[in-house]
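Worksheet: one structure, shown below.
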Amino acid sequence: MRRLCSGAGHWSAQYFKGWFVVSVFLLFSAAEAEVVRIDVHSKSDIAGGRTYGLAGPYERLVGQVYFEVDPRNNVNESIIDIQYAPLNELGRVEFSSDFYLIKPKDVGAGNGTVLVDVMNRGRKRVLYYYNFASAQLEPESETDMGDGFLLDQGFSLLYVGWQFDVPHQRGLMRVYTPVATENGSPIRGLVRSDFVVQELVHDHSLGDRGHVAYRVADPNDPRNVLTVRDTASGNRMVVGRDQWQFGRLEDGRMIADPTSVYFSGGFEPQKIYEVVFVSENPPITGLGLAAMRDFVSRLKYESADPLSVPAGSINQAIAFGDSQSGRYLRTFLRDGFNEDERHRKVFDGLIAHTGSNARGSFNHRFAQPSRAVDRSYFYPGDQFPFSDVSQIDPVTGLKDGLLEGLNPETIPNVFYTNSSTEYWRLPTALIHTSVDGAQDVQHAKTSRIYLFAGTQHVPAQLPRVRPQSLHIGNPNDYRWFLRSLLVSMNDWVVDPDILPPPSRYPKIADGTLVPLEQVQFPNIRGIVLPRDVSRAYRLDYGSQFEANGIIAREPPSILSVFPFLVPQVDDSGNELAGLQSPDLAVPLATYTGWNPYSPIASQGSYIPFPRTQSEREKGGDVRLPIDSRYENRQHYLGLVTEAALALIKQGYLLGGDLPSILENAGRHWDFLVTDGQ
């Protein structure tokens, strides 16, 4: 599933305008771009024509982009099953994607950078993270733009459908790929689907969380198996074939359905059910990575008249992806997709946020891109290698790294940003430690690693009611860091001499990164440190998986486990290393990336300090109370200001965000102290 440095030939092209109203056709000859047509379905003003910064008014364009890729070009060799794709008369593979573009009406007035939101399961996220906006599927209004940060900065925002199986819902974006066949005959293979229900049900989709499911090829195939177990690592019990079938209930009647499974005894809550079945006609999912590659390359290096993007108006491209799409970016990089068909660099910068140490099911046969890798359910994604630098896996003897074998001219600048939750849900520390977990390793010169200390996967809102001790949902907001780091990334790709601030993450050498058993979390009543964490395993999917992306063994065999290290904490339970927000540097609470109820949940914990010594004694709390830490509100806000100014000076926060940060700190004080009295 790898492609090394290449030097294949390329082609040139020409284009002409067709009928404009909703579509513009771009036709190319044998030697030019991979985007062959752009259909603009709708065009409208953003925020009613409001002006943003120096970029002026913005507009949105929505439509579909059509591609052709040459399977003979060796940059496409990493696309699994590309050799089994149908070809057009030019010998190329055709596919298409939805797109959504928000750009200055005069794109030349922008900052010259397109920021690509690598959508999480078809959903747009970048405005939430950078503009503090509510997540919308079709952002257009002034409210949808939040505080306007990205637009004020002059970025163009691009969304490209890359996932083939997103739910059929208005506003979700997808890629439309052909299926692989062998000389016209269907290709069959194993697919695995597991699920946990919250209440007794008798049928369940074979898809993941509403996603489009693979269809069972032959309901009577003896390889179709249903099992049940109590825990992810527990023993699988085979359910008798006479007790289940492929189908679902409708109006009280069981009907055949090749995308659902029916169990006469009923699926019980909290048990793990797993269906392994034979399917056919696998989509060529790696084309979802090629779609991103080729559309971005088109905007950077050529014109796109249907989008009013003249050549030279976009000079840099940065990608942001969170969680699933952060893992997508790690896969995009690892599989060589940052080199286009003419061997040019695609993205100048990647921000792989909350992608942990993992990749995912984005480029193999019968891939399921939506499947998570943090629940020990053994879907592809936790495979070695994990770090930028090349290492030797002491168990297998393999030597590899994320950047190993890539064309050096196409390696982008990369920020690996993670919340504390990632260190508890997966062995994220492997991105900066040796594979045996014994020592720290350095990242590439083109990369930075940042832990947002004391944070959860996606920041929560401050609760409306003061909790007595434990609140599930950690409100320590790291988005201020993301804003500053994006500006730093953009400066870095525009001028390589403008380096971003140094990496900040826990390390073995200074004792801030330790085995789970050595975490010195304070004894707080009602709080139990998680022990049953979601670990990563060396898995065997069969002999053809690594080379050809074919899974022959489902479920995979477990060979061994990777080490699991987490950040060490201080006597208040707050993490010592990483980027400490003003909320954490001047704390009113303990902030964790985990919660006692579920060690694999994406939520953390927010445990306020006792306000007074008497409250501390009454609650049996070992942590210093608030009134012993701060004289009053003014004293507290003064310390927050000092912490924020230090971070601004170091380049981790933007000076323009200081008023909002202080306003939030004051609101937090009032919530815990003033309003609680």
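Ligands are numbered from 1 in the order shown, chains are lettered A, B, ... in the order of the structure tokens, and residues start at 1 in each chain.
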Step one, run DSSP on the backbone; step two, keep only residues of region 262-400 of chain A assigned to alpha helix (DSSP H); then write them as a PyMOL selection string.
chain A and resi 287-301+324-334
Selection: 12 Å around Pro86 (chain A), only C-alpha atoms, excl. self and same-chain fewer than 3 positions, as an MDAnalysis selection string
chainID A and resid 68:71 81:83 89:95 177:185 283:284
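Here CA of Phe320 (chain A) stands at a distance of 13.6 Å from CA of Asn131 (chain A).
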So that I can check the secondary structure, give me every residue of region 335-579 of chain A assigned strand (DSSP E) by backbone DSSP, as JSON, numbers by chain.
{"A": [349, 350, 351, 352, 353, 391, 392, 399, 400, 413, 414, 415, 416, 417, 418, 419, 447, 448, 449, 450, 451, 452, 471, 472, 513, 514, 515, 537, 538, 539, 540, 557, 558, 559, 560, 561, 565, 566, 567]}
Separation of CA of Arg365 (chain A) from CA of Pro555 (chain A) in Å:
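So the answer is 15.0 Å.
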One-decimal distance in Å that lies between CA of Phe562 (chain A) and CA of Gly326 (chain A):
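About the pair CA of Gly326 (chain A) and CA of Phe562 (chain A): they are 20.8 Å apart.
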Near region 527-542 of chain A, within 9 Å and counting only C-alpha atoms, which residues show up once chain neighbours fewer than 4 positions away are dropped, as a ChimeraX atom specification?
/A:373-376,378,380,382-384,424-427,470,516-517,519,521,523,546,550-564,594-600
Which of A:Gly401, A:Gly593, A:Pro186, A:Gly651 sits closest to Asn281 (chain A) [using only C-alpha atoms]
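Smallest distance to Asn281 (chain A) is found for A:Pro186.
For the choices A:Asp621, A:Asp477, A:Asp194, A:Asp144, the atom-to-atom distance to Asp208 (chain A) is smallest for A:Asp194 when using only C-alpha atoms.
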A:Ala547, A:Ala317, A:Leu485, A:Ala509: which is nearest Ile648 (chain A), counting only C-alpha atoms?
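Of A:Ala547, A:Ala317, A:Leu485, A:Ala509, the one nearest Ile648 (chain A) is A:Leu485, counting only C-alpha atoms.
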Using only C-alpha atoms, which protein or nucleic acid residues come within 12 Å of Asn220 (chain A)? Drop anything in the same chain fewer than 4 positions from it, and give the result as a VMD selection string.
chain A and resid 216 224 to 225 241 to 242 244 to 246 258 277 to 279
Print the selection's residues with N, CA, C and O atoms to a file, as a PDB file, in the first residue's frame.
```pdb
ATOM      1  N   VAL A 216     -24.639  -7.863   1.410  1.00  0.00           N
ATOM      2  CA  VAL A 216     -24.266  -9.266   1.466  1.00  0.00           C
ATOM      3  C   VAL A 216     -24.416  -9.863   0.070  1.00  0.00           C
ATOM      4  O   VAL A 216     -25.457  -9.720  -0.573  1.00  0.00           O
ATOM      5  N   ASN A 224     -20.326 -16.410   6.251  1.00  0.00           N
ATOM      6  CA  ASN A 224     -21.095 -15.419   6.994  1.00  0.00           C
ATOM      7  C   ASN A 224     -21.270 -15.899   8.438  1.00  0.00           C
ATOM      8  O   ASN A 224     -21.798 -16.987   8.670  1.00  0.00           O
ATOM      9  N   VAL A 225     -20.822 -15.099   9.400  1.00  0.00           N
ATOM     10  CA  VAL A 225     -20.832 -15.510  10.807  1.00  0.00           C
ATOM     11  C   VAL A 225     -21.279 -14.347  11.684  1.00  0.00           C
ATOM     12  O   VAL A 225     -20.873 -13.199  11.457  1.00  0.00           O
ATOM     13  N   ARG A 241     -26.627 -20.389  13.289  1.00  0.00           N
ATOM     14  CA  ARG A 241     -27.122 -19.828  12.018  1.00  0.00           C
ATOM     15  C   ARG A 241     -28.633 -19.868  11.922  1.00  0.00           C
ATOM     16  O   ARG A 241     -29.229 -19.087  11.175  1.00  0.00           O
ATOM     17  N   ASP A 242     -29.284 -20.743  12.689  1.00  0.00           N
ATOM     18  CA  ASP A 242     -30.741 -20.815  12.647  1.00  0.00           C
ATOM     19  C   ASP A 242     -31.409 -19.717  13.458  1.00  0.00           C
ATOM     20  O   ASP A 242     -32.634 -19.568  13.433  1.00  0.00           O
ATOM     21  N   TRP A 244     -30.454 -16.326  13.239  1.00  0.00           N
ATOM     22  CA  TRP A 244     -30.323 -15.003  12.636  1.00  0.00           C
ATOM     23  C   TRP A 244     -30.331 -15.114  11.119  1.00  0.00           C
ATOM     24  O   TRP A 244     -30.117 -16.180  10.544  1.00  0.00           O
ATOM     25  N   GLN A 245     -30.570 -13.985  10.478  1.00  0.00           N
ATOM     26  CA  GLN A 245     -30.583 -13.918   9.022  1.00  0.00           C
ATOM     27  C   GLN A 245     -30.370 -12.472   8.595  1.00  0.00           C
ATOM     28  O   GLN A 245     -30.410 -11.548   9.419  1.00  0.00           O
ATOM     29  N   PHE A 246     -30.110 -12.273   7.321  1.00  0.00           N
ATOM     30  CA  PHE A 246     -29.930 -10.920   6.801  1.00  0.00           C
ATOM     31  C   PHE A 246     -31.312 -10.361   6.443  1.00  0.00           C
ATOM     32  O   PHE A 246     -31.972 -10.846   5.513  1.00  0.00           O
ATOM     33  N   PRO A 258     -30.233  -7.137   2.306  1.00  0.00           N
ATOM     34  CA  PRO A 258     -28.811  -7.501   2.279  1.00  0.00           C
ATOM     35  C   PRO A 258     -27.905  -6.514   3.002  1.00  0.00           C
ATOM     36  O   PRO A 258     -26.688  -6.713   3.033  1.00  0.00           O
ATOM     37  N   PHE A 277     -19.167 -11.100   6.866  1.00  0.00           N
ATOM     38  CA  PHE A 277     -19.944 -11.576   5.727  1.00  0.00           C
ATOM     39  C   PHE A 277     -19.187 -11.338   4.430  1.00  0.00           C
ATOM     40  O   PHE A 277     -18.225 -10.547   4.386  1.00  0.00           O
ATOM     41  N   VAL A 278     -19.620 -12.003   3.388  1.00  0.00           N
ATOM     42  CA  VAL A 278     -19.008 -11.861   2.072  1.00  0.00           C
ATOM     43  C   VAL A 278     -19.803 -10.837   1.270  1.00  0.00           C
ATOM     44  O   VAL A 278     -21.026 -10.931   1.160  1.00  0.00           O
ATOM     45  N   SER A 279     -19.099  -9.849   0.749  1.00  0.00           N
ATOM     46  CA  SER A 279     -19.723  -8.838  -0.094  1.00  0.00           C
ATOM     47  C   SER A 279     -19.027  -8.843  -1.453  1.00  0.00           C
ATOM     48  O   SER A 279     -18.073  -9.599  -1.679  1.00  0.00           O
TER      49      SER A 279
END
```
